[in-house]
$ cat my_file_5.txt   # compact mmCIF, C-alpha atoms
# COMPACT_ATOMS: atom_id res chain seq x y z
CA MET A 1 14.17 64.25 -14.10
CA LYS A 2 16.51 63.23 -16.91
CA LYS A 3 20.24 63.64 -16.47
CA GLN A 4 22.33 65.43 -19.08
CA PHE A 5 25.01 63.00 -20.21
CA LEU A 6 28.25 64.98 -20.06
CA ILE A 7 30.79 62.14 -19.77
CA PRO A 8 32.85 62.18 -22.98
CA ALA A 9 30.16 60.45 -25.00
CA LEU A 10 32.47 59.78 -27.89
CA LEU A 11 35.21 58.20 -25.83
CA PRO A 12 34.82 54.74 -27.40
CA LEU A 13 35.26 55.94 -30.96
CA VAL A 14 38.07 58.37 -30.27
CA LEU A 15 40.09 55.89 -28.20
CA PHE A 16 40.10 53.59 -31.20
CA LEU A 17 41.10 56.40 -33.54
CA PHE A 18 44.84 56.35 -33.10
CA SER A 19 45.40 52.65 -33.67
CA PHE A 20 45.95 53.26 -37.37
CA HIS A 21 48.57 54.78 -39.60
CA ILE A 22 47.56 56.71 -42.71
CA LYS A 23 49.98 56.25 -45.60
CA SER A 24 50.75 58.97 -48.08
CA GLY A 25 48.70 59.09 -51.22
CA THR A 26 45.72 60.79 -52.76
CA LEU A 27 42.10 59.78 -52.45
CA GLN A 28 41.17 60.54 -56.05
CA SER A 29 40.49 56.90 -57.00
CA ILE A 30 38.49 56.37 -53.78
CA PHE A 31 36.39 59.46 -54.46
CA GLU A 32 35.73 58.51 -58.09
CA GLN A 33 34.82 54.85 -57.53
CA LYS A 34 31.25 53.66 -57.03
CA TRP A 35 30.24 54.01 -53.37
CA VAL A 36 27.86 51.82 -51.39
CA SER A 37 24.95 53.03 -49.28
CA GLN A 38 24.27 51.09 -46.12
CA LYS A 39 22.59 51.41 -42.70
CA TYR A 40 24.66 50.91 -39.57
CA GLY A 41 23.75 50.41 -35.93
CA ASP A 42 20.67 50.86 -33.84
CA PRO A 43 19.55 53.61 -33.79
CA ALA A 44 20.48 53.42 -37.46
CA ILE A 45 22.62 55.81 -39.43
CA GLN A 46 22.70 55.47 -43.20
CA LEU A 47 25.61 56.74 -45.22
CA GLU A 48 27.52 56.24 -48.43
CA SER A 49 31.15 55.14 -48.29
CA PRO A 50 33.75 53.71 -50.68
CA ASP A 51 33.06 50.23 -49.27
CA ALA A 52 30.97 48.81 -46.44
CA LEU A 53 32.11 49.79 -42.97
CA GLN A 54 33.01 46.79 -40.83
CA PRO A 55 31.77 46.24 -37.27
CA THR A 56 34.35 46.82 -34.61
CA SER A 57 34.24 46.77 -30.84
CA LEU A 58 35.93 48.27 -27.84
CA GLU A 59 35.74 47.30 -24.20
CA LEU A 60 34.09 50.15 -22.32
CA PRO A 61 34.93 51.23 -18.79
CA GLU A 62 32.27 50.14 -16.28
CA GLU A 63 31.31 53.74 -15.46
CA VAL A 64 30.45 54.30 -19.14
CA LYS A 65 28.65 50.95 -19.51
CA ASN A 66 26.26 52.01 -16.75
CA TYR A 67 24.80 54.71 -19.02
CA ILE A 68 24.53 52.77 -22.30
CA VAL A 69 21.83 50.40 -23.54
CA LYS A 70 23.49 49.71 -26.89
CA MET A 71 26.52 50.94 -28.81
CA ASN A 72 27.56 50.07 -32.37
CA MET A 73 30.89 50.97 -33.98
CA PHE A 74 31.89 50.56 -37.61
CA GLN A 75 34.96 51.50 -39.63
CA TYR A 76 36.41 51.58 -43.11
CA GLN A 77 40.15 51.98 -43.51
CA HIS A 78 42.09 52.49 -46.69
CA ASP A 79 45.79 53.35 -46.85
CA ALA A 80 45.08 57.09 -46.88
CA LEU A 81 41.59 57.26 -45.32
CA LEU A 82 39.74 56.33 -42.15
CA ILE A 83 35.94 56.50 -41.82
CA MET A 84 34.23 55.55 -38.58
CA ALA A 85 30.58 55.56 -37.54
CA ASN A 86 29.27 55.22 -34.02
CA THR A 87 25.70 54.94 -32.74
CA ILE A 88 24.80 54.98 -29.08
CA ASN A 89 21.49 54.46 -27.32
CA TYR A 90 21.68 55.64 -23.71
CA LYS A 91 19.45 54.48 -20.88
CA PRO A 92 16.03 56.22 -20.89
CA GLU A 93 16.90 58.44 -17.93
CA ILE A 94 19.83 59.95 -19.84
CA THR A 95 19.51 62.84 -22.27
CA ALA A 96 22.58 63.00 -24.48
CA SER A 97 24.21 66.44 -24.60
CA LEU A 98 25.30 67.56 -28.07
CA GLN A 99 27.81 70.10 -26.78
CA GLY A 100 28.98 67.71 -24.06
CA ALA A 101 29.62 65.01 -26.66
CA ALA A 102 31.47 67.47 -28.90
CA ASN A 103 33.60 68.79 -26.02
CA GLY A 104 34.39 65.27 -24.83
CA SER A 105 35.42 64.18 -28.30
CA VAL A 106 37.80 67.10 -28.83
CA ASN A 107 39.32 66.76 -25.37
CA GLU A 108 39.89 63.05 -25.88
CA MET A 109 41.51 63.58 -29.30
CA LYS A 110 43.85 66.38 -28.29
CA ASN A 111 44.94 64.63 -25.09
CA ARG A 112 45.91 61.34 -26.77
CA PRO A 113 49.60 60.42 -26.40
CA GLY A 114 51.52 61.35 -29.54
CA VAL A 115 49.01 63.96 -30.71
CA THR A 116 50.47 67.44 -31.21
CA LYS A 117 49.52 70.66 -32.98
CA PHE A 118 45.81 69.93 -32.56
CA THR A 119 43.62 72.70 -33.97
CA TYR A 120 39.97 72.72 -34.95
CA VAL A 121 36.90 74.82 -35.65
CA GLU A 122 33.38 73.88 -34.74
CA LYS A 123 30.10 74.80 -36.36
CA THR A 124 26.48 73.92 -35.80
CA GLU A 125 24.72 72.40 -38.78
CA THR A 126 21.49 70.54 -39.48
CA ILE A 127 22.24 66.90 -40.27
CA SER A 128 19.36 64.86 -41.64
CA GLY A 129 16.89 67.24 -39.98
CA LYS A 130 18.60 67.18 -36.57
CA GLU A 131 20.84 69.73 -34.93
CA GLY A 132 24.45 68.63 -35.16
CA ILE A 133 28.00 69.79 -34.66
CA ILE A 134 30.80 69.42 -37.18
CA GLN A 135 34.35 69.71 -35.89
CA SER A 136 37.03 70.12 -38.55
CA GLY A 137 40.74 70.47 -38.00
CA THR A 138 44.24 69.10 -38.17
CA PHE A 139 46.64 67.34 -35.85
CA ASN A 140 49.93 65.56 -35.93
CA ALA A 141 49.98 61.91 -34.86
CA GLY A 142 53.60 60.89 -34.76
CA ASP A 143 55.07 61.85 -38.13
CA ASP A 144 51.68 62.14 -39.83
CA LYS A 145 49.79 65.40 -40.28
CA LEU A 146 46.10 64.65 -40.68
CA ASP A 147 42.91 66.51 -41.45
CA PHE A 148 39.79 65.33 -39.65
CA HIS A 149 36.06 65.96 -39.59
CA ASN A 150 33.91 64.79 -36.69
CA ILE A 151 30.14 64.92 -37.22
CA ILE A 152 27.92 64.51 -34.15
CA THR A 153 24.19 64.70 -33.58
CA VAL A 154 21.95 63.68 -30.69
CA GLU A 155 18.25 63.32 -30.10
CA GLY A 156 16.88 62.32 -26.72
CA ALA A 157 18.86 59.29 -25.55
CA ASN A 158 20.41 58.62 -28.99
CA MET A 159 23.70 59.82 -30.41
CA TRP A 160 25.22 59.40 -33.87
CA GLN A 161 28.78 60.19 -34.90
CA VAL A 162 30.76 59.95 -38.13
CA PHE A 163 34.49 60.59 -38.19
CA VAL A 164 36.75 60.88 -41.23
CA ALA A 165 40.54 61.44 -41.31
CA TYR A 166 42.97 61.70 -44.22
CA ASN A 167 46.34 63.18 -45.13
CA HIS A 168 46.59 66.91 -44.56
CA GLY A 169 45.92 68.95 -47.67
CA ASP A 170 44.52 66.13 -49.82
CA ALA A 171 41.87 67.94 -51.87
CA TYR A 172 40.14 64.63 -52.58
CA GLY A 173 39.97 63.96 -48.84
CA LEU A 174 37.79 67.04 -48.51
CA LYS A 175 35.64 65.85 -51.42
CA VAL A 176 35.29 62.45 -49.72
CA LYS A 177 34.16 64.20 -46.52
CA ASP A 178 31.63 66.33 -48.40
CA LYS A 179 30.19 63.32 -50.26
CA LEU A 180 29.96 61.36 -47.01
CA LEU A 181 28.29 64.23 -45.11
CA LYS A 182 25.69 64.79 -47.82
CA SER A 183 24.74 61.11 -47.71
CA ILE A 184 24.02 60.86 -43.96
CA LYS A 185 20.46 59.89 -43.04
CA LEU A 186 19.29 59.31 -39.48
$ encode --input "my_file_5.txt" --output "structure tokens"
Amino acid sequence: MKKQFLIPALLPLVLFLFSFHIKSGTLQSIFEQKWVSQKYGDPAIQLESPDALQPTSLELPEEVKNYIVKMNMFQYQHDALLIMANTINYKPEITASLQGAANGSVNEMKNRPGVTKFTYVEKTETISGKEGIIQSGTFNAGDDKLDFHNIITVEGANMWQVFVAYNHGDAYGLKVKDKLLKSIKL
């Protein structure tokens, strides 16, 4: 019998999230520039972004390592924008839980030191033919008020996540998120 994986599946990505500072500014030039389309990770996720996402890593706790066969993390950071992608392949006896991953991600974000006024809404949406969850909201991290969108989907022992954050109220930030979301292919 397969186990449902309810440990905060997105812990690695979210822990890395608050090691950046978003500067003020608009994303108009980022949105209007030519974007690149690239595949990331295994199981692969393909998406368009302003520039190629760069591989990054994070040391996982042993209790999390015991459930994972492979994990890939990538990020793109501009002064006023952060895009991250995460792919995880769990051991065959694990079935990733979409709602468990979404709950774990939100709990990890809102409980980070320095995060205040965390609010979000969640909706179910089909992403590249697979059931997914999109969490959208705002939070304060220190003196910065940020908007974020966290896109998660799972299938069997595989999980994919894309996270984007930008300055609160930047209309081009929302356009960047929409363009990114429409480009996702699993």
$ residues_around --input "my_file_5.txt" --residues "Lys177 (chain A)" --least-positions-apart "4" --cutoff "7 Å" --atoms "all atoms listed in the file" --output "list in words"
Val164, Gly173 and Leu181 of chain A
$ closest_atom_pairs --input "my_file_5.txt" --of "region 87-143 of chain A" --to "region 42-52 of chain A" --cutoff "10 Å" --atoms "all atoms listed in the file" --output "Markdown table"
| residue | atom | partner | partner_atom | distance |
| --- | --- | --- | --- | --- |
| A:Thr87 | CA | A:Pro43 | CA | 6.4 |
| A:Ile88 | CA | A:Pro43 | CA | 7.2 |
| A:Asn89 | CA | A:Pro43 | CA | 6.8 |
| A:Ser128 | CA | A:Ile45 | CA | 9.9 |
$ closest_atom_pairs --input "my_file_5.txt" --of "region 46-146 of chain A" --to "region 151-162 of chain A" --cutoff "10 Å" --atoms "only C-alpha atoms" --output "tab-separated table"
residue	atom	partner	partner_atom	distance
A:Leu47	CA	A:Val162	CA	9.3
A:Tyr67	CA	A:Ala157	CA	9.9
A:Ile68	CA	A:Ala157	CA	9.2
A:Val69	CA	A:Ala157	CA	9.6
A:Lys70	CA	A:Asn158	CA	9.7
A:Met71	CA	A:Met159	CA	9.5
A:Asn72	CA	A:Trp160	CA	9.7
A:Met73	CA	A:Gln161	CA	9.5
A:Phe74	CA	A:Val162	CA	9.5
A:Gln75	CA	A:Val162	CA	9.6
A:Ile83	CA	A:Val162	CA	7.2
A:Met84	CA	A:Val162	CA	5.6
A:Ala85	CA	A:Val162	CA	4.4
A:Asn86	CA	A:Gln161	CA	5.1
A:Thr87	CA	A:Trp160	CA	4.6
A:Ile88	CA	A:Met159	CA	5.1
A:Asn89	CA	A:Asn158	CA	4.6
A:Tyr90	CA	A:Ala157	CA	5.0
A:Lys91	CA	A:Ala157	CA	6.7
A:Pro92	CA	A:Ala157	CA	6.3
A:Glu93	CA	A:Ala157	CA	7.9
A:Ile94	CA	A:Ala157	CA	5.8
A:Thr95	CA	A:Ala157	CA	4.9
A:Ala96	CA	A:Ala157	CA	5.4
A:Ser97	CA	A:Val154	CA	7.1
A:Leu98	CA	A:Val154	CA	5.8
A:Gln99	CA	A:Ile152	CA	9.3
A:Ala101	CA	A:Ile152	CA	7.7
A:Ala102	CA	A:Ile152	CA	7.0
A:Ser105	CA	A:Ile152	CA	9.5
A:Glu122	CA	A:Ile151	CA	9.8
A:Lys123	CA	A:Ile151	CA	9.9
A:Thr124	CA	A:Ile152	CA	9.7
A:Glu125	CA	A:Thr153	CA	9.3
A:Thr126	CA	A:Thr153	CA	8.7
A:Ile127	CA	A:Thr153	CA	7.3
A:Ser128	CA	A:Thr153	CA	9.4
A:Lys130	CA	A:Thr153	CA	6.8
A:Glu131	CA	A:Thr153	CA	6.2
A:Gly132	CA	A:Thr153	CA	4.2
A:Ile133	CA	A:Ile152	CA	5.3
A:Ile134	CA	A:Ile151	CA	4.5
A:Gln135	CA	A:Ile151	CA	6.5
A:Ser136	CA	A:Ile151	CA	8.7
$ closest_residue --input "my_file_5.txt" --among "A:Lys117, A:Lys34, A:His78, A:Lys175" --to "Lys145 (chain A)" --atoms "all atoms listed in the file"
A:Lys117
$ closest_residue --input "my_file_5.txt" --among "A:Val64, A:Leu81, A:Ser57, A:Gly129" --to "Tyr172 (chain A)" --atoms "all atoms listed in the file"
A:Leu81
$ atom_distance --input "my_file_5.txt" --atom1 "CA of Leu174 (chain A)" --atom2 "CA of Leu58 (chain A)"
28.0 Å
$ atom_distance --input "my_file_5.txt" --atom1 "CA of Ala141 (chain A)" --atom2 "CA of Val115 (chain A)"
4.7 Å
$ atom_distance --input "my_file_5.txt" --atom1 "CA of Asp144 (chain A)" --atom2 "CA of Asp170 (chain A)"
12.9 Å
